[in-house]
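Here's my_file.cif, which has mmCIF, C-alpha atoms and all ligand atoms:
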data_model
loop_
_atom_site.label_atom_id
_atom_site.label_comp_id
_atom_site.auth_asym_id
_atom_site.auth_seq_id
_atom_site.Cartn_x
_atom_site.Cartn_y
_atom_site.Cartn_z
CA MET J 1283 0.00 0.00 0.00
CA LYS J 1284 1.24 3.50 -0.84
CA LYS J 1285 2.27 5.37 2.30
CA PRO J 1286 0.67 8.82 2.80
CA PRO J 1287 3.22 11.66 2.54
CA ILE J 1288 4.52 13.02 5.85
CA ARG J 1289 3.13 16.44 5.03
CA PRO J 1290 1.24 18.21 2.28
CA ARG J 1291 3.30 20.31 -0.13
CA LEU J 1292 3.74 24.00 0.62
CA GLY J 1293 3.39 26.64 -2.08
CA VAL J 1294 4.66 29.95 -0.72
CA ASN J 1295 2.80 32.94 -2.11
CA VAL J 1296 5.24 35.89 -2.34
CA ASP J 1297 2.68 38.52 -3.51
CA HIS J 1298 2.83 40.53 -0.33
CA VAL J 1299 6.57 41.00 -0.51
CA ALA J 1300 5.76 42.87 -3.72
CA THR J 1301 2.90 44.69 -1.93
CA ILE J 1302 5.46 46.26 0.43
CA ARG J 1303 7.70 47.19 -2.50
CA GLN J 1304 4.86 48.71 -4.52
CA ALA J 1305 3.72 50.79 -1.53
CA ARG J 1306 6.75 53.01 -2.21
CA HIS J 1307 7.67 51.95 -5.74
CA THR J 1308 11.12 51.02 -4.52
CA LYS J 1309 13.24 48.12 -5.77
CA TYR J 1310 12.99 46.34 -2.42
CA PRO J 1311 11.89 44.04 -0.91
CA ASP J 1312 12.27 41.74 -3.87
CA PRO J 1313 9.78 38.86 -4.29
CA ILE J 1314 12.48 36.99 -6.24
CA ALA J 1315 14.75 37.04 -3.16
CA ALA J 1316 11.79 35.85 -1.08
CA ALA J 1317 11.19 32.96 -3.49
CA ILE J 1318 14.84 31.91 -3.26
CA ALA J 1319 14.69 32.06 0.55
CA ALA J 1320 11.41 30.09 0.57
CA GLU J 1321 12.89 27.35 -1.57
CA SER J 1322 16.02 27.09 0.53
CA ALA J 1323 13.78 26.74 3.60
CA GLY J 1324 11.99 23.80 1.98
CA ALA J 1325 9.03 25.25 0.06
CA ASP J 1326 7.78 22.94 -2.68
CA GLN J 1327 6.36 25.64 -4.91
CA ILE J 1328 6.28 29.40 -5.44
CA THR J 1329 2.88 30.95 -6.04
CA VAL J 1330 2.15 34.42 -7.42
CA HIS J 1331 -1.03 36.19 -8.44
CA LEU J 1332 -0.53 38.54 -11.37
CA ARG J 1333 -3.52 40.79 -10.89
CA GLU J 1334 -5.08 42.81 -13.66
CA ASP J 1335 -4.28 46.03 -11.75
CA ARG J 1336 -0.67 44.88 -11.02
CA ARG J 1337 -1.05 45.99 -7.42
CA HIS J 1338 1.76 43.70 -6.24
CA ILE J 1339 3.44 41.22 -8.61
CA GLN J 1340 4.63 42.81 -11.86
CA ASP J 1341 5.14 41.16 -15.27
CA ARG J 1342 8.90 41.44 -14.80
CA ASP J 1343 8.72 39.55 -11.48
CA LEU J 1344 6.90 36.72 -13.20
CA ARG J 1345 9.44 36.50 -16.02
CA ILE J 1346 12.37 36.45 -13.58
CA LEU J 1347 10.65 33.90 -11.34
CA ARG J 1348 10.21 31.62 -14.35
CA GLU J 1349 14.00 31.74 -14.77
CA THR J 1350 14.93 31.37 -11.11
CA VAL J 1351 12.35 29.13 -9.42
CA GLN J 1352 13.84 25.68 -8.94
CA THR J 1353 10.74 23.95 -7.63
CA ARG J 1354 7.40 24.71 -9.31
CA LEU J 1355 5.87 28.01 -10.32
CA ASN J 1356 2.12 28.36 -9.78
CA LEU J 1357 0.54 31.37 -11.51
CA GLU J 1358 -2.79 32.50 -10.10
CA MET J 1359 -4.68 34.57 -12.63
CA ALA J 1360 -8.11 35.66 -13.81
CA ALA J 1361 -9.56 33.93 -16.87
CA THR J 1362 -8.90 36.80 -19.28
CA ALA J 1363 -7.42 36.97 -22.79
CA GLU J 1364 -4.47 39.02 -21.51
CA MET J 1365 -3.60 36.39 -18.89
CA ALA J 1366 -3.91 33.52 -21.38
CA GLU J 1367 -1.26 35.25 -23.52
CA ILE J 1368 1.00 35.69 -20.49
CA ALA J 1369 0.61 32.03 -19.45
CA ARG J 1370 1.48 30.93 -22.98
CA ALA J 1371 4.60 33.11 -22.97
CA VAL J 1372 5.80 32.37 -19.42
CA ARG J 1373 4.78 28.70 -19.20
CA PRO J 1374 4.33 28.30 -15.44
CA ASP J 1375 4.19 24.74 -14.11
CA MET J 1376 0.63 25.35 -12.97
CA VAL J 1377 -2.07 27.92 -13.60
CA THR J 1378 -4.72 28.46 -10.93
CA LEU J 1379 -7.74 30.34 -12.23
CA VAL J 1380 -9.18 32.73 -9.66
CA PRO J 1381 -12.02 35.25 -9.72
CA GLU J 1382 -10.90 38.86 -9.63
CA ARG J 1383 -12.66 42.08 -8.85
CA ARG J 1384 -10.76 45.35 -8.95
CA GLU J 1385 -12.29 46.74 -5.78
CA GLU J 1386 -11.64 43.68 -3.62
CA GLN J 1387 -8.95 43.72 -0.95
CA THR J 1388 -8.03 40.11 -1.70
CA THR J 1389 -9.64 37.18 -3.54
CA GLU J 1390 -13.12 36.94 -2.05
CA GLY J 1391 -14.80 33.61 -2.72
CA GLY J 1392 -14.05 30.98 -5.30
CA LEU J 1393 -14.79 30.85 -9.01
CA ASP J 1394 -18.40 30.27 -10.00
CA VAL J 1395 -17.64 27.23 -12.17
CA VAL J 1396 -21.32 26.22 -12.20
CA GLY J 1397 -22.44 29.59 -13.54
CA GLN J 1398 -19.66 29.89 -16.13
CA GLU J 1399 -19.06 26.28 -17.04
CA ALA J 1400 -19.11 26.66 -20.83
CA ALA J 1401 -16.95 29.79 -20.84
CA LEU J 1402 -14.43 28.26 -18.42
CA ALA J 1403 -14.29 25.00 -20.39
CA ALA J 1404 -13.47 27.00 -23.54
CA TYR J 1405 -10.87 29.04 -21.66
CA VAL J 1406 -9.21 25.90 -20.26
CA GLU J 1407 -9.00 24.49 -23.80
CA GLU J 1408 -7.40 27.74 -24.92
CA LEU J 1409 -4.84 27.43 -22.11
CA ARG J 1410 -3.93 23.82 -22.88
CA PRO J 1411 -1.04 24.68 -25.25
CA PHE J 1412 0.89 26.25 -22.35
CA GLY J 1413 1.41 22.67 -21.21
CA GLY J 1414 1.10 22.98 -17.42
CA GLU J 1415 -1.35 21.76 -14.84
CA ILE J 1416 -4.63 23.69 -14.58
CA SER J 1417 -6.41 24.25 -11.28
CA LEU J 1418 -9.61 26.08 -10.37
CA PHE J 1419 -9.94 28.01 -7.10
CA ILE J 1420 -13.41 27.12 -5.80
CA ASP J 1421 -15.54 27.19 -2.68
CA PRO J 1422 -15.83 23.76 -1.02
CA ARG J 1423 -19.18 22.88 -2.63
CA ALA J 1424 -20.28 19.68 -4.33
CA ASP J 1425 -21.79 21.50 -7.34
CA GLN J 1426 -18.61 23.51 -7.98
CA LEU J 1427 -16.52 20.34 -7.72
CA ALA J 1428 -18.73 18.42 -10.13
CA ALA J 1429 -18.57 21.26 -12.67
CA SER J 1430 -14.75 21.43 -12.28
CA ALA J 1431 -14.48 17.69 -12.90
CA ARG J 1432 -16.66 18.00 -16.02
CA ILE J 1433 -14.36 20.68 -17.41
CA GLY J 1434 -11.50 18.23 -17.06
CA VAL J 1435 -8.97 20.26 -15.08
CA GLU J 1436 -6.27 18.37 -13.17
CA ALA J 1437 -6.79 20.08 -9.83
CA VAL J 1438 -8.92 22.28 -7.63
CA GLU J 1439 -7.86 24.61 -4.86
CA LEU J 1440 -10.41 24.82 -2.07
CA HIS J 1441 -11.02 28.31 -0.70
CA THR J 1442 -10.32 28.23 3.05
CA GLY J 1443 -11.33 31.87 3.60
CA ASP J 1444 -14.60 31.10 5.42
CA TYR J 1445 -12.89 28.49 7.60
CA CYS J 1446 -10.35 31.21 8.54
CA ALA J 1447 -13.10 33.64 9.60
CA ASP J 1448 -12.15 36.49 11.90
CA ARG J 1449 -13.20 35.84 15.51
CA ARG J 1450 -14.09 39.55 15.83
CA ALA J 1451 -16.98 39.10 13.39
CA PHE J 1452 -18.85 36.90 15.92
CA SER J 1453 -20.51 37.97 19.14
CA THR J 1454 -19.58 34.85 21.13
CA ILE J 1455 -16.80 32.28 21.02
CA ALA J 1456 -19.41 29.50 20.83
CA GLU J 1457 -20.90 31.08 17.72
CA TYR J 1458 -17.45 31.40 16.18
CA ASP J 1459 -16.46 27.81 17.05
CA ALA J 1460 -19.68 26.43 15.57
CA PHE J 1461 -19.13 28.41 12.35
CA VAL J 1462 -15.52 27.23 12.02
CA ASP J 1463 -16.53 23.60 12.65
CA THR J 1464 -19.14 23.82 9.88
CA GLN J 1465 -16.61 25.32 7.46
CA PHE J 1466 -14.08 22.64 8.39
CA ASP J 1467 -16.60 19.89 7.64
CA LYS J 1468 -17.31 21.47 4.25
CA LEU J 1469 -13.58 21.41 3.44
CA LYS J 1470 -13.21 17.83 4.61
CA TYR J 1471 -16.15 16.54 2.55
CA ALA J 1472 -15.18 18.57 -0.50
CA ALA J 1473 -11.59 17.27 -0.34
CA LYS J 1474 -12.81 13.68 -0.16
CA ALA J 1475 -15.30 14.19 -2.98
CA ALA J 1476 -12.69 15.88 -5.20
CA ASP J 1477 -10.24 13.06 -4.58
CA THR J 1478 -12.90 10.51 -5.53
CA MET J 1479 -13.48 12.44 -8.77
CA GLY J 1480 -9.76 12.12 -9.54
CA LEU J 1481 -8.97 15.79 -8.93
CA LYS J 1482 -5.77 16.78 -7.14
CA VAL J 1483 -6.76 18.84 -4.10
CA ALA J 1484 -5.02 22.00 -2.92
CA ALA J 1485 -6.29 24.56 -0.40
CA GLY J 1486 -5.50 28.08 0.64
CA HIS J 1487 -6.45 31.58 1.70
CA GLY J 1488 -6.19 33.10 5.15
CA LEU J 1489 -4.19 30.24 6.66
CA ASP J 1490 -1.66 30.73 9.45
CA THR J 1491 0.41 28.35 11.58
CA LYS J 1492 -2.50 27.81 13.99
CA ASN J 1493 -5.57 27.40 11.81
CA VAL J 1494 -3.63 25.30 9.28
CA LEU J 1495 -3.13 22.45 11.80
CA ARG J 1496 -6.63 21.11 11.49
CA VAL J 1497 -6.88 21.30 7.71
CA ALA J 1498 -3.39 19.84 7.25
CA ALA J 1499 -4.82 16.68 8.79
CA ILE J 1500 -7.22 16.23 5.85
CA ARG J 1501 -5.37 13.49 3.96
CA GLU J 1502 -6.80 14.33 0.54
CA ILE J 1503 -5.38 17.87 0.59
CA VAL J 1504 -1.92 17.44 -0.92
CA GLU J 1505 -0.96 21.09 -1.30
CA PHE J 1506 -1.41 24.39 0.51
CA ASN J 1507 -0.76 27.83 -0.95
CA ILE J 1508 -0.03 30.29 1.83
CA GLY J 1509 1.23 33.85 1.64
CA HIS J 1510 0.07 36.68 3.86
CA SER J 1511 0.73 35.07 7.24
CA ILE J 1512 4.20 33.89 6.16
CA VAL J 1513 5.20 37.35 4.91
CA ALA J 1514 3.83 38.94 8.09
CA ARG J 1515 5.72 36.50 10.32
CA ALA J 1516 8.89 37.01 8.28
CA LEU J 1517 9.01 40.64 9.46
CA PHE J 1518 9.84 39.36 12.93
CA ILE J 1519 11.78 36.13 12.43
CA GLY J 1520 13.02 36.29 8.84
CA PHE J 1521 11.68 34.72 5.67
CA GLU J 1522 13.36 31.33 5.86
CA ALA J 1523 12.36 30.85 9.51
CA ALA J 1524 8.76 31.82 8.73
CA VAL J 1525 8.59 29.26 5.92
CA ARG J 1526 10.13 26.59 8.17
CA GLU J 1527 7.57 27.38 10.86
CA MET J 1528 4.77 26.80 8.35
CA ILE J 1529 6.34 23.55 7.16
CA ASP J 1530 6.54 22.40 10.79
CA ALA J 1531 2.86 23.26 11.26
CA LEU J 1532 1.92 21.27 8.14
CA GLU J 1533 3.92 18.34 9.48
CA SER J 1534 2.37 18.39 12.91
CA GLY J 1535 -1.12 18.82 11.47
CA ARG J 1536 -0.61 15.85 9.16
CA ARG J 1537 0.85 13.75 11.97
CA ARG J 1538 -2.40 14.22 13.88
CA PHE J 1539 -4.12 12.45 11.01
CA LEU J 1540 -1.53 9.68 10.92
CA GLU J 1541 -1.93 9.17 14.66
CA GLY J 1542 -5.72 9.10 14.20
N1 LIG Z 1601 -4.57 30.61 -2.96
C1 LIG Z 1601 -5.23 31.49 -3.77
C2 LIG Z 1601 -5.95 30.94 -4.95
C3 LIG Z 1601 -5.21 32.87 -3.52
O1 LIG Z 1601 -5.86 33.72 -4.34
C4 LIG Z 1601 -4.46 33.35 -2.42
C5 LIG Z 1601 -4.39 34.82 -2.17
O2 LIG Z 1601 -3.71 35.43 -3.22
C6 LIG Z 1601 -3.79 32.42 -1.62
C7 LIG Z 1601 -3.88 31.06 -1.89
C8 LIG Z 1601 -2.96 32.84 -0.45
O3 LIG Z 1601 -3.75 33.42 0.53
P1 LIG Z 1601 -3.08 34.11 1.80
O4 LIG Z 1601 -2.20 35.21 1.29
O5 LIG Z 1601 -4.24 34.59 2.58
O6 LIG Z 1601 -2.29 33.03 2.50
#
For the structure just supplied, provide its representation as structure tokens.
Ligand code: PXP
Amino acid sequence: MKKPPIRPRLGVNVDHVATIRQARHTKYPDPIAAAIAAESAGADQITVHLREDRRHIQDRDLRILRETVQTRLNLEMAATAEMAEIARAVRPDMVTLVPERREEQTTEGGLDVVGQEAALAAYVEELRPFGGEISLFIDPRADQLAASARIGVEAVELHTGDYCADRRAFSTIAEYDAFVDTQFDKLKYAAKAADTMGLKVAAGHGLDTKNVLRVAAIREIVEFNIGHSIVARALFIGFEAAVREMIDALESGRRRFLEG
């Protein structure tokens, strides 16, 4: 029998290193340097979101990352004609399609694959020549999973944003705990269903070293893409140490599963 991996893979999202740089339009801090540090600390993948408004990662960053990343490069992007051209030119190892709204602070909610199935299927076909893996960022819902499987993508990334809800939005701890438990169950069932459909399962958004423990124990989730909390922690302990801390959390979360 195949042994389960010790931990899920970690994709480190370096967008917010570029956010700090763009705040002053300086040359530093450099997301390329962050990617190199992340890989030397054990990251399995580097993830970037090239947004339509270029608020953090720039086209130049993406081109240089393609040359320097030694592990895998995961490009998160909106399903637009401009981005399809960029994916074809840059050839990332994986493209993750995400919804994008200009006014949003960060990606809010997953793609509506059900509502846009035909258009997304055509877009995925258009992307095929770039040769990499294609993933859809979706909410943990059975209908979105089924539509993703019908389109024939290799992977889905489950949106963990609701599971990572802010405690301050709830009037009592009991209310908050009940909400988080419900969101956790949705992730667990969606991961199992996706795995049964033959989809590779990733997850991400809003995760930190504490809330990741429980989801890292979901065996079917083989990859996490995590950015903001790692960059924030890196301010205090350095980038490599922050990545190692997250890898340790993924390991201890997964061990909980192995120990039942
Ligand atoms: N995965 C996807 C698809 C995302 O859009 C983002 C945010 O860019 C992340 C993961 C990382 O989220 P966070 O920065 O909250 O860890």
Residues near Glu1349 (chain J), anyone? I mean within 12 Å using only C-alpha atoms, not counting same-chain ones fewer than 4 positions away, as a count of residues only. 13
Listing only residues of chain J within 9 Å of ligand LIG 1601 (chain Z), what is the closest atom pair and its distance in Å (to one decimal) for each, using all atoms listed in the file, sorted by chain and residue number ascending, as a tab-separated table?
residue	atom	partner	partner_atom	distance
J:Gly1293	CA	Z:LIG1601	C7	8.5
J:Val1294	CA	Z:LIG1601	C8	8.2
J:Asn1295	CA	Z:LIG1601	C8	6.0
J:Val1296	CA	Z:LIG1601	O4	8.3
J:Asp1297	CA	Z:LIG1601	O2	7.1
J:His1298	CA	Z:LIG1601	O4	7.5
J:Thr1329	CA	Z:LIG1601	C7	7.9
J:Val1330	CA	Z:LIG1601	O2	7.3
J:His1331	CA	Z:LIG1601	O2	5.9
J:Glu1358	CA	Z:LIG1601	C2	6.2
J:Met1359	CA	Z:LIG1601	O1	8.4
J:Thr1378	CA	Z:LIG1601	C2	6.6
J:Leu1379	CA	Z:LIG1601	C2	7.5
J:Val1380	CA	Z:LIG1601	C2	6.0
J:Pro1381	CA	Z:LIG1601	O1	8.3
J:Glu1382	CA	Z:LIG1601	O1	8.9
J:Thr1388	CA	Z:LIG1601	C5	6.4
J:Thr1389	CA	Z:LIG1601	O1	5.2
J:Glu1390	CA	Z:LIG1601	O1	8.3
J:Gly1392	CA	Z:LIG1601	C2	8.1
J:Leu1418	CA	Z:LIG1601	C2	8.1
J:Phe1419	CA	Z:LIG1601	C2	5.4
J:Ile1420	CA	Z:LIG1601	C2	8.4
J:Glu1439	CA	Z:LIG1601	C2	6.6
J:Leu1440	CA	Z:LIG1601	C2	8.1
J:His1441	CA	Z:LIG1601	C2	7.1
J:Thr1442	CA	Z:LIG1601	C7	8.6
J:Gly1443	CA	Z:LIG1601	O5	7.7
J:Ala1484	CA	Z:LIG1601	N1	8.6
J:Ala1485	CA	Z:LIG1601	N1	6.8
J:Gly1486	CA	Z:LIG1601	C7	4.2
J:His1487	CA	Z:LIG1601	O3	3.5
J:Gly1488	CA	Z:LIG1601	O5	3.6
J:Leu1489	CA	Z:LIG1601	O6	5.4
J:Asp1490	CA	Z:LIG1601	O6	7.3
J:Phe1506	CA	Z:LIG1601	C7	7.5
J:Asn1507	CA	Z:LIG1601	C7	4.6
J:Ile1508	CA	Z:LIG1601	O6	3.6
J:Gly1509	CA	Z:LIG1601	O4	3.7
J:His1510	CA	Z:LIG1601	O4	3.7
J:Ser1511	CA	Z:LIG1601	O6	6.0
J:Ile1512	CA	Z:LIG1601	O6	7.5
J:Val1513	CA	Z:LIG1601	O4	8.5
C-alpha atoms of the current selection, written as a tab-separated table (two decimals), keeping the file's coordinate frame:
chain	number	residue	atom	x	y	z
J	1293	GLY	CA	3.39	26.64	-2.08
J	1294	VAL	CA	4.66	29.95	-0.72
J	1295	ASN	CA	2.80	32.94	-2.11
J	1296	VAL	CA	5.24	35.89	-2.34
J	1297	ASP	CA	2.68	38.52	-3.51
J	1298	HIS	CA	2.83	40.53	-0.33
J	1329	THR	CA	2.88	30.95	-6.04
J	1330	VAL	CA	2.15	34.42	-7.42
J	1331	HIS	CA	-1.03	36.19	-8.44
J	1358	GLU	CA	-2.79	32.50	-10.10
J	1359	MET	CA	-4.68	34.57	-12.63
J	1378	THR	CA	-4.72	28.46	-10.93
J	1379	LEU	CA	-7.74	30.34	-12.23
J	1380	VAL	CA	-9.18	32.73	-9.66
J	1381	PRO	CA	-12.02	35.25	-9.72
J	1382	GLU	CA	-10.90	38.86	-9.63
J	1388	THR	CA	-8.03	40.11	-1.70
J	1389	THR	CA	-9.64	37.18	-3.54
J	1390	GLU	CA	-13.12	36.94	-2.05
J	1392	GLY	CA	-14.05	30.98	-5.30
J	1418	LEU	CA	-9.61	26.08	-10.37
J	1419	PHE	CA	-9.94	28.01	-7.10
J	1420	ILE	CA	-13.41	27.12	-5.80
J	1439	GLU	CA	-7.86	24.61	-4.86
J	1440	LEU	CA	-10.41	24.82	-2.07
J	1441	HIS	CA	-11.02	28.31	-0.70
J	1442	THR	CA	-10.32	28.23	3.05
J	1443	GLY	CA	-11.33	31.87	3.60
J	1484	ALA	CA	-5.02	22.00	-2.92
J	1485	ALA	CA	-6.29	24.56	-0.40
J	1486	GLY	CA	-5.50	28.08	0.64
J	1487	HIS	CA	-6.45	31.58	1.70
J	1488	GLY	CA	-6.19	33.10	5.15
J	1489	LEU	CA	-4.19	30.24	6.66
J	1490	ASP	CA	-1.66	30.73	9.45
J	1506	PHE	CA	-1.41	24.39	0.51
J	1507	ASN	CA	-0.76	27.83	-0.95
J	1508	ILE	CA	-0.03	30.29	1.83
J	1509	GLY	CA	1.23	33.85	1.64
J	1510	HIS	CA	0.07	36.68	3.86
J	1511	SER	CA	0.73	35.07	7.24
J	1512	ILE	CA	4.20	33.89	6.16
J	1513	VAL	CA	5.20	37.35	4.91
How far is it from CA of Gly1434 (chain J) to CA of Glu1399 (chain J), in Å with one decimal?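 For CA of Gly1434 (chain J) relative to CA of Glu1399 (chain J), the distance reads 11.0 Å.
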Quote the spacing between CA of Ala1361 (chain J) and CA of Gly1397 (chain J) in Å to one decimal place. 14.0 Å
Might you pull out every residue within 9 Å of region 1404-1413 of chain J, with all atoms listed in the file counted and same-chain residues fewer than 2 positions away left off, and present them as a PyMOL selection string? chain J and resi 1361-1363+1366-1367+1369-1377+1399-1402+1415-1416+1433-1435
Please dump the current selection as a CSV table (one decimal), in the frame of the given file; keep C-alpha atoms.
chain,number,residue,atom,x,y,z
J,1361,ALA,CA,-9.6,33.9,-16.9
J,1362,THR,CA,-8.9,36.8,-19.3
J,1363,ALA,CA,-7.4,37.0,-22.8
J,1366,ALA,CA,-3.9,33.5,-21.4
J,1367,GLU,CA,-1.3,35.2,-23.5
J,1369,ALA,CA,0.6,32.0,-19.4
J,1370,ARG,CA,1.5,30.9,-23.0
J,1371,ALA,CA,4.6,33.1,-23.0
J,1372,VAL,CA,5.8,32.4,-19.4
J,1373,ARG,CA,4.8,28.7,-19.2
J,1374,PRO,CA,4.3,28.3,-15.4
J,1375,ASP,CA,4.2,24.7,-14.1
J,1376,MET,CA,0.6,25.4,-13.0
J,1377,VAL,CA,-2.1,27.9,-13.6
J,1399,GLU,CA,-19.1,26.3,-17.0
J,1400,ALA,CA,-19.1,26.7,-20.8
J,1401,ALA,CA,-17.0,29.8,-20.8
J,1402,LEU,CA,-14.4,28.3,-18.4
J,1415,GLU,CA,-1.4,21.8,-14.8
J,1416,ILE,CA,-4.6,23.7,-14.6
J,1433,ILE,CA,-14.4,20.7,-17.4
J,1434,GLY,CA,-11.5,18.2,-17.1
J,1435,VAL,CA,-9.0,20.3,-15.1
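One finds CA of Ala1516 (chain J) at 26.0 Å from CA of Arg1538 (chain J).
Nearest to Lys1482 (chain J) of all the residues J:Glu1522, J:Asp1459, J:Asp1467, J:Glu1436 is J:Glu1436, counting only C-alpha atoms.
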Quick one: of J:Ala1325, J:Ile1339, J:Leu1427, J:Ala1451, who's nearest to Val1396 (chain J), counting all atoms listed in the file? J:Leu1427
May I ask which of the residues J:Asp1463, J:Asp1326, J:Asp1341, J:Glu1527 is the closest one to Glu1505 (chain J), counting all atoms listed in the file?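 So, comparing all the options, the nearest one is J:Asp1326.
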Rank nothing, just name the residue among J:Ala1319, J:Ile1328, J:Gly1535, J:Ala1403 nearest to Lys1492 (chain J), using all atoms listed in the file.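 Selected residue with least distance to Lys1492 (chain J): J:Gly1535.
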Neighbouring residues of Val1462 (chain J) were defined as those with any atom within 10 Å, considering only C-alpha atoms; residues of the same chain fewer than 2 positions away were excluded. Please report them as JSON, numbers by chain. {"J": [1444, 1445, 1446, 1447, 1448, 1449, 1456, 1457, 1458, 1459, 1460, 1464, 1465, 1466, 1467, 1468, 1493]}
